[in-house]
file final20.tsv (TSV, C-alpha atoms)
chain	number	residue	atom	x	y	z
A	15	GLY	CA	-8.12	0.65	-8.91
A	16	ARG	CA	-5.77	-1.77	-10.71
A	17	THR	CA	-2.41	-3.06	-9.58
A	18	THR	CA	-1.01	-1.57	-12.79
A	19	LEU	CA	-2.48	0.19	-15.80
A	20	LEU	CA	0.61	-0.39	-17.92
A	21	LYS	CA	-0.11	-1.32	-21.54
A	22	GLU	CA	2.23	-2.86	-24.04
A	23	PRO	CA	4.07	-0.23	-26.12
A	24	GLY	CA	1.72	1.16	-28.76
A	25	GLU	CA	-1.25	-0.83	-27.45
A	26	LYS	CA	-4.56	0.69	-26.34
A	27	LYS	CA	-6.97	-1.58	-24.50
A	28	ALA	CA	-9.35	-1.57	-21.56
A	29	ALA	CA	-8.48	-2.83	-18.12
A	30	PRO	CA	-8.27	-6.65	-18.09
A	31	LEU	CA	-10.79	-8.60	-16.04
A	32	GLY	CA	-9.70	-11.42	-13.74
A	33	TRP	CA	-6.44	-11.54	-11.81
A	34	THR	CA	-3.38	-9.31	-12.19
A	35	THR	CA	-0.40	-9.92	-9.89
A	36	THR	CA	3.02	-8.32	-9.50
A	37	ALA	CA	5.93	-9.37	-7.27
A	38	SER	CA	8.83	-7.05	-6.41
A	39	ALA	CA	12.23	-7.57	-4.80
A	40	GLY	CA	14.98	-5.12	-3.92
A	41	ILE	CA	18.33	-5.81	-2.22
A	42	SER	CA	21.11	-3.42	-1.25
A	43	TYR	CA	24.45	-4.11	0.47
A	44	SER	CA	27.45	-1.99	1.37
A	45	SER	CA	30.73	-2.75	3.16
A	46	GLY	CA	33.88	-0.90	4.17
A	47	ASN	CA	33.97	1.49	7.10
A	48	SER	CA	30.41	0.35	7.81
A	49	GLU	CA	28.49	-2.72	6.70
A	50	SER	CA	24.79	-2.53	5.92
A	51	SER	CA	22.19	-4.58	4.09
A	52	ARG	CA	18.54	-4.03	3.24
A	53	TYR	CA	15.88	-6.28	1.73
A	54	HIS	CA	12.44	-5.34	0.44
A	55	LEU	CA	9.80	-7.79	-0.79
A	56	ALA	CA	6.32	-6.91	-2.06
A	57	LEU	CA	3.33	-8.60	-3.66
A	58	ALA	CA	0.26	-6.90	-5.16
A	59	SER	CA	-2.78	-8.69	-6.59
A	60	ALA	CA	-5.98	-7.30	-8.08
A	61	TYR	CA	-9.14	-9.08	-9.22
A	62	ARG	CA	-11.72	-7.31	-11.35
A	63	GLU	CA	-15.23	-8.16	-12.54
A	64	ALA	CA	-17.97	-5.89	-13.84
A	65	LYS	CA	-19.51	-5.55	-10.36
A	66	ASN	CA	-16.73	-6.73	-8.03
A	67	GLU	CA	-13.09	-5.91	-7.42
A	68	ALA	CA	-10.61	-7.14	-4.82
A	69	PHE	CA	-7.08	-6.09	-3.95
A	70	TYR	CA	-4.30	-7.58	-1.81
A	71	ASP	CA	-0.99	-5.90	-0.98
A	72	PHE	CA	1.95	-7.24	1.04
A	73	ALA	CA	5.25	-5.52	1.81
A	74	TYR	CA	8.13	-6.54	4.08
A	75	THR	CA	11.32	-4.57	4.70
A	76	PHE	CA	14.33	-5.68	6.76
A	77	GLY	CA	17.62	-3.85	7.21
A	78	GLU	CA	20.80	-4.14	9.27
A	79	ASN	CA	23.59	-1.65	9.92
A	80	ASN	CA	26.80	-3.06	11.44
A	81	GLY	CA	24.87	-6.06	12.73
A	82	ILE	CA	22.12	-3.97	14.35
A	83	THR	CA	18.59	-4.14	12.97
A	84	SER	CA	17.66	-0.82	11.38
A	85	GLU	CA	14.30	-1.84	9.80
A	86	ASP	CA	11.88	-4.69	10.39
A	87	ARG	CA	8.41	-3.83	9.11
A	88	LEU	CA	5.56	-5.89	7.65
A	89	ARG	CA	2.45	-4.24	6.20
A	90	THR	CA	-0.44	-5.94	4.43
A	91	THR	CA	-3.96	-4.97	3.33
A	92	ALA	CA	-6.90	-6.78	1.77
A	93	ARG	CA	-9.85	-4.89	0.19
A	94	TYR	CA	-13.10	-5.79	-1.53
A	95	ASN	CA	-15.35	-3.36	-3.41
A	96	ARG	CA	-18.86	-3.92	-4.70
A	97	ILE	CA	-19.44	-1.68	-7.71
A	98	LEU	CA	-22.82	0.08	-7.51
A	99	ASP	CA	-22.64	2.04	-10.75
A	100	GLU	CA	-20.03	3.61	-13.03
A	101	ARG	CA	-18.48	5.73	-10.26
A	102	ASN	CA	-19.74	4.60	-6.81
A	103	PHE	CA	-18.87	1.56	-4.68
A	104	VAL	CA	-19.08	0.14	-1.16
A	105	GLY	CA	-16.41	-2.03	0.33
A	106	ALA	CA	-14.76	-3.84	3.23
A	107	SER	CA	-11.09	-3.97	4.12
A	108	ILE	CA	-8.59	-5.04	6.74
A	109	GLY	CA	-5.09	-3.67	7.25
A	110	PHE	CA	-2.28	-5.13	9.35
A	111	LEU	CA	1.02	-3.59	10.47
A	112	ARG	CA	3.93	-4.97	12.48
A	113	ASP	CA	6.92	-2.70	13.06
A	114	ASP	CA	9.51	-3.97	15.54
A	115	LEU	CA	11.54	-0.77	15.72
A	116	ALA	CA	8.41	1.32	16.37
A	117	GLU	CA	7.42	-1.27	19.06
A	118	ILE	CA	4.20	-2.12	17.21
A	119	ALA	CA	3.64	-5.83	17.84
A	120	TYR	CA	0.46	-5.68	15.77
A	121	ARG	CA	-2.10	-3.18	14.52
A	122	ALA	CA	-5.15	-4.62	12.73
A	123	THR	CA	-7.93	-2.43	11.35
A	124	PRO	CA	-11.07	-3.96	9.78
A	125	ALA	CA	-13.28	-1.33	8.12
A	126	LEU	CA	-16.43	-0.77	6.07
A	127	THR	CA	-16.23	1.99	3.46
A	128	ALA	CA	-18.18	3.85	0.80
A	129	GLY	CA	-16.30	5.44	-2.09
A	130	ARG	CA	-16.43	7.13	-5.43
A	131	TYR	CA	-14.19	7.15	-8.49
A	132	LEU	CA	-13.60	10.81	-9.33
A	133	VAL	CA	-11.88	9.71	-12.55
A	134	LYS	CA	-12.12	6.25	-14.13
A	135	ASN	CA	-10.83	5.50	-17.62
A	136	ASP	CA	-8.27	3.29	-19.35
A	137	ASP	CA	-5.30	5.48	-18.34
A	138	LEU	CA	-6.28	7.04	-15.01
A	139	THR	CA	-8.29	6.13	-11.92
A	140	LEU	CA	-8.65	8.43	-8.90
A	141	SER	CA	-10.87	7.45	-5.98
A	142	LEU	CA	-11.86	8.58	-2.49
A	143	GLU	CA	-13.36	6.39	0.22
A	144	ALA	CA	-14.18	6.57	3.94
A	145	GLY	CA	-16.04	4.67	6.63
A	146	PRO	CA	-16.10	3.27	10.18
A	147	ALA	CA	-13.42	0.93	11.47
A	148	PHE	CA	-12.21	-0.82	14.61
A	149	THR	CA	-8.53	-0.95	15.54
A	150	PHE	CA	-6.83	-3.67	17.57
A	151	GLU	CA	-3.20	-2.99	18.49
A	152	GLU	CA	-0.33	-3.63	20.87
A	153	VAL	CA	2.19	-0.79	21.10
A	154	ALA	CA	5.14	-0.90	23.52
A	155	GLY	CA	3.61	-3.97	25.20
A	156	ASP	CA	0.28	-2.21	25.83
A	157	PRO	CA	-2.75	-3.79	24.07
A	158	ASP	CA	-5.60	-1.46	23.08
A	159	SER	CA	-8.71	-1.36	20.89
A	160	TYR	CA	-10.95	1.48	19.75
A	161	PHE	CA	-13.49	2.61	17.18
A	162	ALA	CA	-11.98	4.63	14.35
A	163	LEU	CA	-12.63	6.34	11.05
A	164	VAL	CA	-10.63	5.40	7.96
A	165	ALA	CA	-10.29	7.56	4.85
A	166	ALA	CA	-8.26	6.91	1.72
A	167	GLN	CA	-7.30	8.49	-1.59
A	168	ARG	CA	-5.97	6.21	-4.35
A	169	LEU	CA	-4.49	6.97	-7.77
A	170	SER	CA	-3.32	4.76	-10.64
A	171	TRP	CA	-2.03	6.50	-13.76
A	172	ALA	CA	-0.54	5.17	-16.99
A	173	LEU	CA	1.87	8.04	-17.71
A	174	ASN	CA	2.75	6.59	-21.12
A	175	SER	CA	3.04	3.19	-22.80
A	176	ARG	CA	5.98	2.18	-20.58
A	177	SER	CA	5.48	3.87	-17.18
A	178	THR	CA	2.77	3.64	-14.52
A	179	LEU	CA	2.40	5.58	-11.27
A	180	LYS	CA	0.47	4.16	-8.31
A	181	GLN	CA	-0.13	6.35	-5.25
A	182	GLU	CA	-2.30	6.25	-2.14
A	183	VAL	CA	-2.86	7.96	1.22
A	184	VAL	CA	-4.68	6.14	4.05
A	185	ALA	CA	-5.60	7.78	7.38
A	186	ASN	CA	-6.87	6.04	10.54
A	187	ILE	CA	-8.32	8.32	13.25
A	188	SER	CA	-9.58	7.20	16.66
A	189	ALA	CA	-13.23	8.16	17.22
A	190	GLU	CA	-12.54	8.49	20.97
A	191	ASP	CA	-9.37	10.62	20.75
A	192	THR	CA	-8.76	12.52	17.51
A	193	ASP	CA	-5.14	13.15	18.54
A	194	ASN	CA	-4.61	9.39	18.13
A	195	PHE	CA	-4.23	9.01	14.37
A	196	THR	CA	-1.93	7.40	11.84
A	197	LEU	CA	-1.20	8.20	8.21
A	198	VAL	CA	0.35	5.98	5.54
A	199	ALA	CA	1.32	7.53	2.21
A	200	SER	CA	3.00	5.63	-0.62
A	201	ALA	CA	3.91	6.06	-4.26
A	202	GLN	CA	5.44	3.65	-6.78
A	203	LEU	CA	6.66	4.20	-10.33
A	204	ASP	CA	6.98	1.15	-12.61
A	205	THR	CA	8.94	1.43	-15.87
A	206	ALA	CA	8.83	-1.44	-18.38
A	207	LEU	CA	12.04	-3.24	-19.29
A	208	THR	CA	10.16	-6.04	-21.09
A	209	PRO	CA	6.39	-6.72	-21.36
A	210	ASP	CA	6.40	-8.49	-17.96
A	211	LEU	CA	9.53	-7.09	-16.26
A	212	TYR	CA	9.71	-3.63	-14.70
A	213	TRP	CA	12.10	-1.39	-12.83
A	214	MET	CA	10.37	-0.15	-9.67
A	215	ILE	CA	11.07	2.83	-7.45
A	216	GLY	CA	8.81	3.39	-4.46
A	217	LEU	CA	8.46	5.77	-1.52
A	218	GLU	CA	6.57	5.06	1.71
A	219	TYR	CA	5.86	7.48	4.58
A	220	LEU	CA	4.32	6.41	7.90
A	221	PHE	CA	3.20	8.96	10.53
A	222	ASP	CA	1.95	8.05	14.02
A	223	ASN	CA	0.80	11.04	16.05
A	224	GLN	CA	1.03	9.05	19.32
A	225	PRO	CA	4.00	6.67	18.92
A	226	ALA	CA	5.46	4.38	21.56
A	227	PRO	CA	7.36	6.27	24.30
A	228	GLY	CA	10.80	7.30	23.07
A	229	GLU	CA	10.00	6.58	19.42
A	230	GLY	CA	9.74	9.10	16.58
A	231	GLN	CA	6.46	10.01	14.94
A	232	ASP	CA	7.43	9.29	11.34
A	233	ASP	CA	9.31	6.83	9.14
A	234	LEU	CA	10.33	7.35	5.52
A	235	SER	CA	11.65	4.59	3.26
A	236	LEU	CA	12.78	4.50	-0.37
A	237	ASN	CA	12.67	1.19	-2.24
A	238	THR	CA	13.92	0.22	-5.67
A	239	GLY	CA	14.22	-3.10	-7.46
A	240	ILE	CA	12.72	-5.41	-10.05
A	241	THR	CA	9.01	-6.14	-10.48
A	242	ILE	CA	7.59	-9.14	-12.34
A	243	ARG	CA	3.98	-9.23	-13.61
A	244	PHE	CA	2.19	-12.56	-14.00
call {"tool": "encode", "arguments": {"input": "final20.tsv", "output": "structure tokens"}}
result
Amino acid sequence: GRTTLLKEPGEKKAAPLGWTTTASAGISYSSGNSESSRYHLALASAYREAKNEAFYDFAYTFGENNGITSEDRLRTTARYNRILDERNFVGASIGFLRDDLAEIAYRATPALTAGRYLVKNDDLTLSLEAGPAFTFEEVAGDPDSYFALVAAQRLSWALNSRSTLKQEVVANISAEDTDNFTLVASAQLDTALTPDLYWMIGLEYLFDNQPAPGEGQDDLSLNTGITIRF
């Protein structure tokens, strides 16, 4: 449940308490027979105490191809967990998505969850959580709201002294129509260049079983760039 579990080379220590924040930026540009550009910005913060933990994630991606917008997506989540014992917790969260190309003006999902750490040590955390939610959205100019169920699996793994893998899958299913569901899966590998500077490569997959008319069900994006920890 940390933003990163990366330790300094050769160092073994427990997860730090307090704030940990990383900021990432990636830029690509090509010209010639076609001209394209793509920008990706991300911020991830985590706060840990013995009985409380909070997480905030922000990601924005914008791309153009020959002057035509090819990506314009903003996704952000905020989560709070109250630790009950060594493995179990209860929490509250809210997620927000805006995706212009998918015609999603907004999708906000506040939720209450209960979860359990299946594994929790200095190098590896693996957790599952689920609970009731309520979704507010406007897709293709049509506002809607409905009760939902959210479920998530989250992994953070220090592969070695220089590399950390963070991965998660989050599902949102309408309680009124189970065919109306979305899935967000992401993975990010950070490799240390210096103690506070990392090379990042990330993959994000979004699936919407009932997209806006004329739009595809899924989006896949690959991001790479520099991450700074502070």
call {"tool": "residues_around", "arguments": {"input": "final20.tsv", "residues": "Ala185 in chain A", "least_positions_apart": "2", "cutoff": "10 Å", "atoms": "all atoms listed in the file", "output": "PyMOL selection string"}}
result
chain A and resi 144+162-167+183+187+195-199+221
call {"tool": "residues_around", "arguments": {"input": "final20.tsv", "residues": "Ser44 in chain A", "least_positions_apart": "4", "cutoff": "12 Å", "atoms": "all atoms listed in the file", "output": "PyMOL selection string"}}
result
chain A and resi 48-52+77-80
call {"tool": "closest_residue", "arguments": {"input": "final20.tsv", "among": "A:Arg96, A:Arg130, A:Arg168, A:Arg176", "to": "Trp213 in chain A", "atoms": "all atoms listed in the file"}}
result
A:Arg176
call {"tool": "residues_around", "arguments": {"input": "final20.tsv", "residues": "His54 in chain A", "least_positions_apart": "6", "cutoff": "7 Å", "atoms": "all atoms listed in the file", "output": "JSON list (two decimals) with C-alpha atoms, in the frame of the given file"}}
result
[["chain", "number", "residue", "atom", "x", "y", "z"],
["A", 39, "ALA", "CA", 12.23, -7.57, -4.80],
["A", 40, "GLY", "CA", 14.98, -5.12, -3.92],
["A", 41, "ILE", "CA", 18.33, -5.81, -2.22],
["A", 74, "TYR", "CA", 8.13, -6.54, 4.08],
["A", 75, "THR", "CA", 11.32, -4.57, 4.70],
["A", 76, "PHE", "CA", 14.33, -5.68, 6.76]]
call {"tool": "residues_around", "arguments": {"input": "final20.tsv", "residues": "Leu111 in chain A", "least_positions_apart": "3", "cutoff": "8 Å", "atoms": "only C-alpha atoms", "output": "list of chain:residue names"}}
result
A:Arg87, A:Leu88, A:Arg89, A:Thr90, A:Ile118, A:Tyr120, A:Arg121, A:Ala122
call {"tool": "residues_around", "arguments": {"input": "final20.tsv", "residues": "Thr149 in chain A", "least_positions_apart": "4", "cutoff": "9 Å", "atoms": "only C-alpha atoms", "output": "PyMOL selection string"}}
result
chain A and resi 121-125+158-162+186+188
call {"tool": "write_last_selection", "arguments": {"input": "final20.tsv", "atoms": "C-alpha atoms", "output": "compact mmCIF listing (two decimals), keeping the file's coordinate frame"}}
result
# COMPACT_ATOMS: atom_id res chain seq x y z
CA ARG A 121 -2.10 -3.18 14.52
CA ALA A 122 -5.15 -4.62 12.73
CA THR A 123 -7.93 -2.43 11.35
CA PRO A 124 -11.07 -3.96 9.78
CA ALA A 125 -13.28 -1.33 8.12
CA ASP A 158 -5.60 -1.46 23.08
CA SER A 159 -8.71 -1.36 20.89
CA TYR A 160 -10.95 1.48 19.75
CA PHE A 161 -13.49 2.61 17.18
CA ALA A 162 -11.98 4.63 14.35
CA ASN A 186 -6.87 6.04 10.54
CA SER A 188 -9.58 7.20 16.66
call {"tool": "atom_distance", "arguments": {"input": "final20.tsv", "atom1": "CA of Ala37 in chain A", "atom2": "CA of Thr241 in chain A"}}
result
5.5 Å
call {"tool": "atom_distance", "arguments": {"input": "final20.tsv", "atom1": "CA of Asp210 in chain A", "atom2": "CA of Ile240 in chain A"}}
result
10.6 Å
call {"tool": "atom_distance", "arguments": {"input": "final20.tsv", "atom1": "CA of Asn223 in chain A", "atom2": "CA of Val153 in chain A"}}
result
12.9 Å
call {"tool": "closest_residue", "arguments": {"input": "final20.tsv", "among": "A:Leu220, A:Ala226, A:Val133, A:Val184", "to": "Pro157 in chain A", "atoms": "only C-alpha atoms"}}
result
A:Ala226
call {"tool": "residues_near_point", "arguments": {"input": "final20.tsv", "point": "(-6.8, -4.9, -0.3)", "cutoff": "6 Å", "atoms": "only C-alpha atoms", "output": "ChimeraX atom specification"}}
result
/A:69-71,91-93
call {"tool": "closest_residue", "arguments": {"input": "final20.tsv", "among": "A:Thr127, A:Ser107, A:Asn135, A:Thr36", "to": "Ser59 in chain A", "atoms": "only C-alpha atoms"}}
result
A:Thr36
call {"tool": "closest_residue", "arguments": {"input": "final20.tsv", "among": "A:Leu203, A:Glu117, A:Thr192, A:Gly109", "to": "Asp156 in chain A", "atoms": "all atoms listed in the file"}}
result
A:Glu117
call {"tool": "axis_aligned_box", "arguments": {"input": "final20.tsv", "around": "range 60-66 of chain A", "padding_each_side": "5 Å", "output": "lines of an AutoDock Vina configuration file"}}
result
center_x = -12.7
center_y = -7.3
center_z = -10.9
size_x = 23.5
size_y = 13.5
size_z = 15.8
call {"tool": "closest_residue", "arguments": {"input": "final20.tsv", "among": "A:Ala201, A:Ile242, A:Ile97, A:Ala73", "to": "Thr34 in chain A", "atoms": "all atoms listed in the file"}}
result
A:Ile242
call {"tool": "decode", "arguments": {"input": "final20.tsv", "residues": "range 165-185 of chain A", "atoms": "N, CA, C and O atoms", "output": "short mmCIF file (atom, residue, chain, number, x, y, z; two decimals), in the first residue's frame"}}
result
data_model
loop_
_atom_site.label_atom_id
_atom_site.label_comp_id
_atom_site.auth_asym_id
_atom_site.auth_seq_id
_atom_site.Cartn_x
_atom_site.Cartn_y
_atom_site.Cartn_z
N ALA A 165 -14.62 -3.11 -6.58
CA ALA A 165 -13.70 -4.14 -6.08
C ALA A 165 -12.32 -3.83 -6.65
O ALA A 165 -12.20 -3.36 -7.79
N ALA A 166 -11.30 -4.08 -5.85
CA ALA A 166 -9.94 -3.73 -6.29
C ALA A 166 -8.93 -4.74 -5.76
O ALA A 166 -9.10 -5.31 -4.67
N GLN A 167 -7.90 -4.94 -6.56
CA GLN A 167 -6.71 -5.71 -6.16
C GLN A 167 -5.52 -4.80 -6.37
O GLN A 167 -5.39 -4.15 -7.41
N ARG A 168 -4.62 -4.72 -5.37
CA ARG A 168 -3.47 -3.83 -5.44
C ARG A 168 -2.20 -4.57 -5.01
O ARG A 168 -2.22 -5.32 -4.03
N LEU A 169 -1.13 -4.29 -5.74
CA LEU A 169 0.16 -4.94 -5.47
C LEU A 169 1.26 -3.90 -5.50
O LEU A 169 1.28 -3.02 -6.36
N SER A 170 2.20 -3.98 -4.55
CA SER A 170 3.42 -3.19 -4.59
C SER A 170 4.57 -4.11 -4.19
O SER A 170 4.52 -4.74 -3.13
N TRP A 171 5.60 -4.18 -5.05
CA TRP A 171 6.62 -5.21 -4.88
C TRP A 171 8.01 -4.63 -5.18
O TRP A 171 8.26 -4.14 -6.28
N ALA A 172 8.88 -4.66 -4.18
CA ALA A 172 10.27 -4.29 -4.38
C ALA A 172 11.00 -5.50 -4.98
O ALA A 172 11.35 -6.44 -4.28
N LEU A 173 11.20 -5.47 -6.29
CA LEU A 173 11.80 -6.62 -6.98
C LEU A 173 13.24 -6.83 -6.55
O LEU A 173 13.71 -7.96 -6.42
N ASN A 174 13.96 -5.73 -6.35
CA ASN A 174 15.33 -5.77 -5.85
C ASN A 174 15.63 -4.39 -5.28
O ASN A 174 14.71 -3.58 -5.10
N SER A 175 16.89 -4.10 -5.00
CA SER A 175 17.23 -2.83 -4.36
C SER A 175 17.05 -1.63 -5.28
O SER A 175 17.08 -0.49 -4.82
N ARG A 176 16.83 -1.85 -6.58
CA ARG A 176 16.74 -0.73 -7.52
C ARG A 176 15.40 -0.64 -8.26
O ARG A 176 15.12 0.37 -8.89
N SER A 177 14.59 -1.69 -8.23
CA SER A 177 13.37 -1.73 -9.04
C SER A 177 12.15 -2.07 -8.21
O SER A 177 12.20 -2.93 -7.34
N THR A 178 11.04 -1.35 -8.48
CA THR A 178 9.78 -1.56 -7.80
C THR A 178 8.65 -1.67 -8.82
O THR A 178 8.60 -0.90 -9.78
N LEU A 179 7.75 -2.61 -8.59
CA LEU A 179 6.58 -2.80 -9.45
C LEU A 179 5.33 -2.45 -8.65
O LEU A 179 5.15 -2.93 -7.53
N LYS A 180 4.49 -1.60 -9.23
CA LYS A 180 3.20 -1.26 -8.63
C LYS A 180 2.11 -1.62 -9.64
O LYS A 180 2.21 -1.25 -10.83
N GLN A 181 1.08 -2.34 -9.17
CA GLN A 181 0.04 -2.83 -10.09
C GLN A 181 -1.30 -2.82 -9.37
O GLN A 181 -1.37 -3.05 -8.17
N GLU A 182 -2.37 -2.52 -10.12
CA GLU A 182 -3.70 -2.57 -9.52
C GLU A 182 -4.77 -2.81 -10.59
O GLU A 182 -4.58 -2.48 -11.77
N VAL A 183 -5.88 -3.40 -10.16
CA VAL A 183 -7.06 -3.61 -11.00
C VAL A 183 -8.26 -3.13 -10.19
O VAL A 183 -8.45 -3.55 -9.04
N VAL A 184 -9.08 -2.24 -10.78
CA VAL A 184 -10.25 -1.70 -10.11
C VAL A 184 -11.46 -1.89 -11.01
O VAL A 184 -11.45 -1.48 -12.17
N ALA A 185 -12.51 -2.52 -10.48
CA ALA A 185 -13.75 -2.75 -11.22
C ALA A 185 -14.88 -1.98 -10.58
O ALA A 185 -14.96 -1.85 -9.35
#
